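Shown next: my_file14.txt, containing compact mmCIF, C-alpha atoms.
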# COMPACT_ATOMS: atom_id res chain seq x y z
CA MET J 291 27.34 37.72 16.18
CA GLU J 292 24.02 37.03 14.49
CA LEU J 293 22.10 33.95 15.59
CA HIS J 294 20.10 32.12 12.93
CA LEU J 295 17.16 30.04 14.08
CA VAL J 296 16.86 26.54 12.73
CA ASP J 297 14.15 26.15 10.09
CA ASN J 298 11.26 23.95 11.07
CA MET J 299 10.34 20.99 8.89
CA GLN J 300 7.58 22.86 7.07
CA THR J 301 10.00 25.62 6.04
CA SER J 302 12.58 23.04 5.01
CA TYR J 303 10.04 21.27 2.82
CA GLN J 304 9.03 24.55 1.19
CA ASN J 305 12.68 25.38 0.49
CA VAL J 306 13.17 21.99 -1.17
CA LEU J 307 10.03 22.47 -3.25
CA ALA J 308 11.21 25.92 -4.31
CA ASP J 309 14.50 24.44 -5.52
CA LEU J 310 12.68 21.69 -7.43
CA ASN J 311 10.35 24.21 -9.05
CA ALA J 312 13.31 26.37 -10.03
CA ALA J 313 14.98 23.31 -11.58
CA LEU J 314 11.79 22.47 -13.48
CA ALA J 315 11.72 25.96 -14.92
CA LEU J 316 15.24 25.47 -16.26
CA ASN J 317 14.99 21.85 -17.31
CA PRO J 318 14.41 20.80 -20.92
CA SER J 319 11.56 18.40 -21.50
CA ASN J 320 13.64 15.24 -21.65
CA THR J 321 12.68 11.98 -19.99
CA TYR J 322 15.90 10.01 -20.42
CA ASN J 323 16.54 8.41 -17.06
CA LYS J 324 20.30 8.92 -16.85
CA TYR J 325 19.63 12.65 -16.32
CA ILE J 326 17.68 14.64 -13.73
CA SER J 327 14.79 15.01 -16.14
CA ARG J 328 11.45 16.70 -15.64
CA ASP J 329 10.02 13.32 -14.73
CA ALA J 330 12.64 12.87 -12.03
CA LEU J 331 12.01 16.35 -10.63
CA ASN J 332 8.26 15.71 -10.49
CA ALA J 333 8.90 12.36 -8.82
CA MET J 334 10.97 14.13 -6.16
CA LYS J 335 8.18 16.65 -5.65
CA ALA J 336 5.74 13.76 -5.15
CA GLN J 337 8.04 12.28 -2.50
CA VAL J 338 8.27 15.61 -0.67
CA TYR J 339 4.52 16.22 -0.78
CA LEU J 340 3.82 12.72 0.55
CA ALA J 341 6.21 13.31 3.45
CA MET J 342 4.44 16.63 4.15
CA GLY J 343 1.03 14.97 4.15
CA ASP J 344 -0.04 17.11 1.17
CA TYR J 345 -1.75 14.29 -0.69
CA PRO J 346 -3.49 16.21 -3.52
CA ASN J 347 -0.19 17.75 -4.62
CA ALA J 348 1.58 14.41 -4.21
CA ILE J 349 -0.93 12.87 -6.61
CA THR J 350 -0.56 15.71 -9.12
CA ALA J 351 3.24 15.48 -9.11
CA ALA J 352 3.12 11.69 -9.36
CA ASP J 353 0.79 11.93 -12.36
CA LEU J 354 3.33 14.14 -14.12
CA ALA J 355 6.24 11.84 -13.24
CA VAL J 356 4.53 8.62 -14.30
CA GLY J 357 2.82 9.97 -17.40
CA ALA J 358 2.07 7.16 -19.82
CA LYS J 359 4.86 4.85 -18.64
CA GLN J 360 3.97 1.14 -18.66
CA LEU J 361 5.50 -1.27 -16.17
CA LYS J 362 7.16 -4.37 -17.54
CA GLY J 363 5.42 -7.66 -16.85
CA ALA J 364 5.24 -10.90 -18.77
CA THR J 365 4.55 -11.41 -22.46
CA VAL J 366 3.81 -14.48 -24.52
CA SER J 367 6.44 -15.79 -26.92
CA TYR J 368 6.56 -19.01 -28.92
CA ASP J 369 9.15 -21.76 -29.17
CA THR J 370 10.67 -21.49 -32.64
CA THR J 371 10.89 -25.27 -32.98
CA THR J 372 7.65 -26.53 -31.44
CA GLY J 373 5.51 -23.43 -31.61
CA ALA J 374 4.59 -23.91 -27.97
CA PRO J 375 3.66 -20.72 -26.07
CA LEU J 376 6.27 -19.48 -23.60
CA MET J 377 6.06 -17.02 -20.73
CA VAL J 378 8.70 -14.27 -21.05
CA ASN J 379 9.68 -12.31 -17.94
CA ASN J 380 10.35 -8.75 -19.13
CA LEU J 381 11.36 -7.48 -15.68
CA THR J 382 14.67 -9.36 -15.50
CA PRO J 383 16.50 -7.26 -18.17
CA VAL J 384 15.84 -4.09 -16.14
CA TRP J 385 18.64 -5.21 -13.82
CA ALA J 386 21.00 -6.22 -16.65
CA ASP J 387 23.63 -3.56 -15.95
CA PRO J 388 25.68 -1.66 -16.79
CA ILE J 389 24.08 0.03 -19.76
CA THR J 390 26.64 0.24 -22.52
CA GLY J 391 26.85 1.27 -26.14
CA ALA J 392 23.75 2.74 -27.72
CA GLY J 393 21.86 2.59 -24.43
CA LEU J 394 23.93 5.51 -23.17
CA THR J 395 22.90 7.83 -26.00
CA ASN J 396 19.61 6.45 -27.25
CA PRO J 397 16.76 6.25 -24.70
CA ALA J 398 14.85 3.79 -26.85
CA SER J 399 17.64 1.22 -26.57
CA ALA J 400 17.91 1.29 -22.76
CA VAL J 401 16.70 -2.05 -21.41
CA ASP J 402 15.13 -0.50 -18.31
CA GLY J 403 12.88 1.67 -20.50
CA PRO J 404 9.92 3.17 -18.63
CA GLU J 405 10.62 1.21 -15.43
CA VAL J 406 13.27 3.64 -14.15
CA ILE J 407 12.69 7.38 -13.79
CA PHE J 408 16.23 8.21 -12.67
CA GLN J 409 19.38 6.16 -12.25
CA GLN J 410 23.08 6.66 -11.70
CA ILE J 411 24.94 5.09 -14.60
CA ASN J 412 27.95 3.02 -13.55
CA ILE J 413 30.30 2.06 -16.37
CA VAL J 414 33.09 -0.49 -16.26
CA GLY J 415 36.45 1.24 -16.02
CA ALA J 416 35.05 4.56 -14.82
CA SER J 417 35.40 5.98 -11.32
CA SER J 418 31.82 5.05 -10.50
CA VAL J 419 30.26 3.38 -7.50
CA ASN J 420 30.48 -0.38 -7.15
CA ILE J 421 26.95 -0.55 -5.75
CA GLY J 422 26.98 -4.34 -5.78
CA GLY J 423 29.91 -4.28 -3.38
CA LEU J 424 27.58 -3.01 -0.66
CA TYR J 425 25.74 -6.33 -0.74
CA THR J 426 28.68 -8.71 -0.95
CA SER J 427 31.61 -9.94 1.08
CA PRO J 428 34.92 -8.11 0.50
CA SER J 429 35.79 -10.77 -2.07
CA LEU J 430 32.50 -10.10 -3.90
CA GLY J 431 31.74 -13.76 -3.52
CA THR J 432 28.77 -13.83 -1.13
CA PHE J 433 25.56 -11.94 -1.72
CA TRP J 434 22.62 -11.33 0.58
CA SER J 435 19.59 -13.59 0.73
CA PRO J 436 16.07 -12.38 1.53
CA SER J 437 14.88 -12.85 5.08
CA THR J 438 12.37 -15.57 5.87
CA THR J 439 10.04 -12.66 6.65
CA LEU J 440 10.21 -11.44 3.05
CA LEU J 441 10.69 -14.56 0.92
CA PRO J 442 7.25 -16.14 1.55
CA LYS J 443 5.60 -12.93 0.41
CA TYR J 444 6.53 -13.84 -3.17
CA ASN J 445 4.26 -16.54 -4.52
CA SER J 446 5.36 -18.88 -7.27
CA ALA J 447 3.72 -16.68 -9.94
CA ASP J 448 5.54 -13.51 -8.95
CA LEU J 449 7.88 -12.36 -11.73
CA ARG J 450 10.11 -10.68 -9.16
CA ARG J 451 11.37 -14.04 -7.87
CA ALA J 452 13.27 -14.62 -11.10
CA ALA J 453 14.12 -10.94 -11.66
CA TYR J 454 15.46 -10.27 -8.15
CA LEU J 455 16.67 -13.67 -6.94
CA THR J 456 18.89 -16.47 -8.21
CA SER J 457 17.63 -20.05 -8.30
CA ASN J 458 18.99 -20.59 -4.77
CA SER J 459 17.26 -17.43 -3.47
CA VAL J 460 20.21 -15.04 -3.40
CA PHE J 461 19.61 -11.42 -4.42
CA LYS J 462 20.94 -10.57 -7.85
CA LYS J 463 19.90 -6.91 -7.87
CA TYR J 464 23.12 -4.97 -8.46
CA TYR J 465 24.88 -8.26 -9.20
CA GLY J 466 26.63 -6.95 -12.29
CA THR J 467 28.14 -9.49 -14.65
CA ALA J 468 30.53 -12.37 -14.06
CA GLN J 469 33.27 -10.30 -15.67
CA ASN J 470 32.44 -7.11 -13.74
CA ARG J 471 30.93 -8.26 -10.48
CA GLY J 472 28.98 -5.59 -8.60
CA ILE J 473 29.13 -2.92 -11.31
CA ALA J 474 25.51 -1.92 -11.76
CA ASN J 475 23.36 1.16 -12.21
CA VAL J 476 21.72 2.58 -9.08
CA LYS J 477 17.96 2.69 -9.68
CA ALA J 478 17.37 5.85 -7.66
CA ILE J 479 13.72 6.43 -8.60
CA ARG J 480 11.61 3.70 -10.17
CA THR J 481 8.23 4.09 -11.82
CA ALA J 482 6.68 1.44 -9.55
CA GLU J 483 7.72 3.51 -6.54
CA ILE J 484 5.86 6.58 -7.75
CA ILE J 485 2.79 4.55 -8.73
CA LEU J 486 2.63 3.03 -5.25
CA LEU J 487 3.33 6.46 -3.73
CA ARG J 488 0.33 7.75 -5.64
CA ALA J 489 -1.73 4.81 -4.39
CA GLU J 490 -0.78 5.66 -0.81
CA ALA J 491 -1.68 9.33 -1.29
CA LYS J 492 -5.05 8.41 -2.80
CA ALA J 493 -5.80 5.99 0.06
CA LYS J 494 -5.00 8.69 2.61
CA SER J 495 -7.25 11.09 0.67
CA GLY J 496 -10.17 8.65 0.90
CA ASN J 497 -10.05 7.56 -2.75
CA LEU J 498 -9.89 3.80 -2.19
CA THR J 499 -10.90 2.97 -5.77
CA GLY J 500 -8.11 5.10 -7.22
CA ALA J 501 -5.64 3.66 -4.71
CA TYR J 502 -6.66 0.12 -5.63
CA ASN J 503 -6.32 0.78 -9.36
CA ASP J 504 -2.75 2.08 -8.88
CA TYR J 505 -1.91 -0.84 -6.61
CA LEU J 506 -3.27 -3.19 -9.25
CA LEU J 507 -1.02 -1.66 -11.93
CA VAL J 508 1.96 -3.04 -10.04
CA ARG J 509 0.29 -6.30 -9.00
CA LYS J 510 -0.73 -7.18 -12.55
CA ALA J 511 2.60 -6.16 -14.07
CA ARG J 512 4.43 -8.37 -11.61
CA ASN J 513 1.72 -11.04 -11.78
CA GLY J 514 2.02 -11.06 -8.00
CA ASN J 515 -1.33 -12.73 -7.42
CA GLY J 516 -1.76 -14.23 -10.87
CA SER J 517 -1.97 -17.86 -11.77
CA ASN J 518 0.90 -17.34 -14.20
CA THR J 519 -0.79 -19.62 -16.70
CA LEU J 520 -1.35 -19.18 -20.42
CA VAL J 521 -4.93 -19.43 -21.60
CA PRO J 522 -6.22 -19.55 -25.21
CA ALA J 523 -7.09 -16.12 -26.58
CA GLY J 524 -9.65 -17.49 -29.01
CA THR J 525 -7.73 -16.96 -32.25
CA GLY J 526 -4.97 -19.51 -31.84
CA GLY J 527 -2.98 -17.21 -29.57
CA PHE J 528 -2.56 -17.11 -25.80
CA THR J 529 -2.87 -14.54 -23.05
CA ILE J 530 -1.68 -14.47 -19.44
CA GLN J 531 -4.33 -15.12 -16.84
CA TYR J 532 -4.41 -13.01 -13.66
CA THR J 533 -6.33 -13.34 -10.44
CA ASN J 534 -6.84 -9.94 -8.89
CA ASP J 535 -6.80 -9.11 -5.21
CA ALA J 536 -10.04 -8.09 -3.54
CA ASN J 537 -10.86 -4.38 -3.46
CA PHE J 538 -9.62 -2.35 -0.52
CA THR J 539 -12.11 -2.32 2.34
CA SER J 540 -10.72 0.65 4.27
CA ALA J 541 -7.85 3.11 4.34
CA THR J 542 -6.06 0.86 6.83
CA ASP J 543 -6.51 -2.17 4.58
CA ALA J 544 -5.22 -0.13 1.62
CA ILE J 545 -2.10 1.14 3.40
CA ASP J 546 -1.28 -2.32 4.76
CA LYS J 547 -1.49 -3.90 1.29
CA ILE J 548 0.38 -1.06 -0.41
CA LEU J 549 3.22 -1.34 2.11
CA GLU J 550 3.35 -5.10 1.59
CA GLU J 551 3.65 -4.53 -2.15
CA ARG J 552 6.43 -2.01 -1.60
CA PHE J 553 8.16 -4.60 0.62
CA ARG J 554 8.10 -7.09 -2.27
CA GLU J 555 9.02 -4.53 -4.94
CA PHE J 556 11.96 -2.69 -3.35
CA PRO J 557 14.22 -4.99 -1.31
CA LEU J 558 17.80 -3.64 -1.10
CA GLU J 559 16.60 -0.24 -2.34
CA GLY J 560 16.36 1.56 1.01
CA LYS J 561 12.59 2.11 1.10
CA ARG J 562 11.28 -0.13 3.88
CA LEU J 563 12.30 1.79 7.00
CA SER J 564 10.99 5.13 5.78
CA ASP J 565 7.76 3.43 4.64
CA LEU J 566 7.17 2.07 8.14
CA LYS J 567 8.09 5.29 9.90
CA ARG J 568 5.93 7.40 7.59
CA ASN J 569 2.92 5.25 8.45
CA ASP J 570 3.60 4.77 12.18
CA LYS J 571 4.23 1.06 11.71
CA ILE J 572 6.70 -1.07 13.62
CA VAL J 573 9.31 -3.47 12.30
CA THR J 574 8.18 -7.07 12.60
CA ARG J 575 9.92 -10.22 11.48
CA ALA J 576 9.33 -13.96 11.43
CA THR J 577 10.64 -16.00 14.35
CA THR J 578 12.90 -17.83 11.91
CA ASP J 579 14.82 -14.57 11.43
CA ALA J 580 15.50 -14.24 15.15
CA THR J 581 18.75 -15.44 16.70
CA ALA J 582 19.90 -16.13 20.25
CA ALA J 583 21.74 -12.82 20.26
CA TYR J 584 18.84 -10.89 18.69
CA PRO J 585 15.64 -12.70 19.69
CA ASN J 586 13.20 -9.83 19.08
CA THR J 587 10.52 -10.32 16.45
CA THR J 588 9.09 -6.80 16.84
CA PHE J 589 10.90 -3.48 17.14
CA PRO J 590 8.38 -0.92 18.41
CA ASN J 591 10.93 1.74 19.43
CA VAL J 592 11.04 3.61 16.14
CA ASP J 593 12.87 6.49 17.83
CA LYS J 594 15.98 4.34 17.79
CA MET J 595 15.60 4.08 14.02
CA THR J 596 16.42 7.80 13.75
CA LEU J 597 20.11 8.57 14.04
CA PRO J 598 21.22 10.96 16.79
CA ILE J 599 22.36 14.46 15.88
CA PRO J 600 26.11 14.82 16.58
CA TYR J 601 26.76 16.76 19.77
CA SER J 602 29.21 18.99 17.93
CA GLU J 603 26.22 20.30 15.95
CA ILE J 604 24.17 20.82 19.10
CA PHE J 605 27.00 22.65 20.87
CA ALA J 606 27.45 24.90 17.83
CA ASN J 607 23.77 25.86 17.72
CA PRO J 608 21.72 25.80 20.93
CA ASN J 609 18.48 25.88 18.91
CA ILE J 610 19.06 22.31 17.74
CA GLN J 611 17.29 19.71 19.85
CA GLN J 612 18.44 16.11 19.99
CA ASN J 613 16.22 13.52 18.32
CA VAL J 614 13.80 11.76 20.63
CA GLY J 615 15.26 8.69 22.29
CA TRP J 616 18.91 9.74 22.22

What's the structure tokens form of this structure?
Amino acid sequence: MELHLVDNMQTSYQNVLADLNAALALNPSNTYNKYISRDALNAMKAQVYLAMGDYPNAITAADLAVGAKQLKGATVSYDTTTGAPLMVNNLTPVWADPITGAGLTNPASAVDGPEVIFQQINIVGASSVNIGGLYTSPSLGTFWSPSTTLLPKYNSADLRRAAYLTSNSVFKKYYGTAQNRGIANVKAIRTAEIILLRAEAKAKSGNLTGAYNDYLLVRKARNGNGSNTLVPAGTGGFTIQYTNDANFTSATDAIDKILEERFREFPLEGKRLSDLKRNDKIVTRATTDATAAYPNTTFPNVDKMTLPIPYSEIFANPNIQQNVGW
């Protein structure tokens, strides 16, 4: 019997990168986000390089994945009756799923546009995943609300409040439609994720200015720290006024702010735990989220956030070592 040693993490990463590079060599230069496009493959490479701590290559791959994509923010429209300027939230339609009709064959007609690098298309009547069902009761009648730890992090100007939450602060990501509750497209890789990934890689490389500029791309698109007011543009038109955050003062300050922005941007998208673990942070929550049964407000034992390896796997291969803490 031949015994095969378990690959270490570095070898595993290199194997993944080799597969991604092989896929890139075979992949046509399409960017339509319902396929594993070149953009999606480069985004995956950026994720792997960031996990490896190879920040220059993470930045290079992120540059290729993001390209010239522009995040959706707010635009100015005008009331057809009064002519009064109106703020239009362009982020909300990104979650208007499922894509149907021309949006399935014509990239230009897809409402998510450059916001989504790769998604799983779920179509009514097909044997696709009811992603919204993961966030509802069995009757699909009750959806999740944001924690009191997260909700205050959105100020009144933040476009994500209306795009992600109903008027009574219930998540409507993956909500589907009233006729097809919970049927929605899974936004597997979003452009904002790769921009903030690039910001993190730049911060860890010592490029605080570059990290701040990437961070600001998301902040300004979401108007997260803006006044959300319309100001005269000087020619009878109006523009949206923003108030920028202060520049990053250190790598620690940069990472803390980037992680906070990722917290606001990606609720219910499975990013938060890996973000904290990757940066040696602990889970903290507001006291209002604690209960008598679970009174903790901090969870420093990150080892318990890694699942144990099944003992059947360990018995089958003595080279496998159990994860720390189990």

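Note that CA of Ala364 in chain J and CA of Val378 in chain J are 5.3 Å apart.
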
| Excluding same-chain residues fewer than 3 positions from range 501-511 of chain J, what lies within 10 Å of it counting all atoms listed in the file, as an NGL selection string? | :J and (360-364 or 380-381 or 448-449 or 481-498 or 514-516 or 531-539 or 541 or 544-545 or 547-548 or 551-552 or 555)

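With CA of Ile530 in chain J on one side and CA of Val384 in chain J on the other, the separation reads 20.6 Å.
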
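Taking CA of Leu340 in chain J and CA of Ala474 in chain J as endpoints, the distance between them is 28.9 Å.
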
| message | Residues near Thr577 in chain J, anyone? I mean within 12 Å using all atoms listed in the file, not counting same-chain ones fewer than 3 positions away, as number ranges by chain. | response | J: 437-439, 574, 580-582, 584-588

For the residues in that selection, give me C-alpha atoms as a PDB file, in the coordinates of the input.
ATOM      1  CA  SER J 437      14.880 -12.850   5.080  1.00  0.00           C
ATOM      2  CA  THR J 438      12.370 -15.570   5.870  1.00  0.00           C
ATOM      3  CA  THR J 439      10.040 -12.660   6.650  1.00  0.00           C
ATOM      4  CA  THR J 574       8.180  -7.070  12.600  1.00  0.00           C
ATOM      5  CA  ALA J 580      15.500 -14.240  15.150  1.00  0.00           C
ATOM      6  CA  THR J 581      18.750 -15.440  16.700  1.00  0.00           C
ATOM      7  CA  ALA J 582      19.900 -16.130  20.250  1.00  0.00           C
ATOM      8  CA  TYR J 584      18.840 -10.890  18.690  1.00  0.00           C
ATOM      9  CA  PRO J 585      15.640 -12.700  19.690  1.00  0.00           C
ATOM     10  CA  ASN J 586      13.200  -9.830  19.080  1.00  0.00           C
ATOM     11  CA  THR J 587      10.520 -10.320  16.450  1.00  0.00           C
ATOM     12  CA  THR J 588       9.090  -6.800  16.840  1.00  0.00           C
TER      13      THR J 588
END

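Counting all atoms listed in the file, the residue from J:Val366, J:Thr371, J:Arg450, J:Gln410 that sits nearest to Thr519 in chain J is J:Val366.
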
Counting all atoms listed in the file, find the residues whose atoms lie at most 12 Å from (19.5, -16.9, -5.7) (file coordinates) and write them out as a short mmCIF file (atom, residue, chain, number, x, y, z; two decimals) with C-alpha atoms, in the frame of the given file.
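Written file, selection-v6.cif:
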data_model
loop_
_atom_site.label_atom_id
_atom_site.label_comp_id
_atom_site.auth_asym_id
_atom_site.auth_seq_id
_atom_site.Cartn_x
_atom_site.Cartn_y
_atom_site.Cartn_z
CA THR J 432 28.77 -13.83 -1.13
CA PHE J 433 25.56 -11.94 -1.72
CA TRP J 434 22.62 -11.33 0.58
CA SER J 435 19.59 -13.59 0.73
CA PRO J 436 16.07 -12.38 1.53
CA LEU J 441 10.69 -14.56 0.92
CA ARG J 450 10.11 -10.68 -9.16
CA ARG J 451 11.37 -14.04 -7.87
CA ALA J 452 13.27 -14.62 -11.10
CA ALA J 453 14.12 -10.94 -11.66
CA TYR J 454 15.46 -10.27 -8.15
CA LEU J 455 16.67 -13.67 -6.94
CA THR J 456 18.89 -16.47 -8.21
CA SER J 457 17.63 -20.05 -8.30
CA ASN J 458 18.99 -20.59 -4.77
CA SER J 459 17.26 -17.43 -3.47
CA VAL J 460 20.21 -15.04 -3.40
CA PHE J 461 19.61 -11.42 -4.42
CA LYS J 462 20.94 -10.57 -7.85
CA LYS J 463 19.90 -6.91 -7.87
CA TYR J 465 24.88 -8.26 -9.20
#

| message | List the spatial neighbours of Leu440 in chain J as a PyMOL selection string - criterion: any atom at most 9 Å away, all atoms listed in the file, same-chain residues fewer than 5 positions off excluded. | response | chain J and resi 553-554+557+575-576

| message | as a VMD selection string, please: the residues near range 303-319 of chain J (cut-off 9 Å, only C-alpha atoms, same-chain neighbours under 2 positions excluded). | response | chain J and resid 298 to 301 321 326 to 329 331 to 332 334 to 335 338 to 339 341 to 342

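Shortest atom-to-atom contact with Leu520 in chain J among J:Tyr368, J:Tyr322, J:Tyr444, J:Tyr425: J:Tyr368, counting all atoms listed in the file.
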
| Counting all atoms listed in the file, which of J:Tyr325, J:Phe408, J:Tyr601, J:Trp385 gets nearest to Val356 in chain J? | J:Phe408

| said: Using all atoms listed in the file - which residues lie no farther than 12 Å from the point (11.1, 3.5, 21.2) in the file's frame? Write them as a PyMOL selection string. | reply: chain J and resi 567+570-573+588-596+613-616
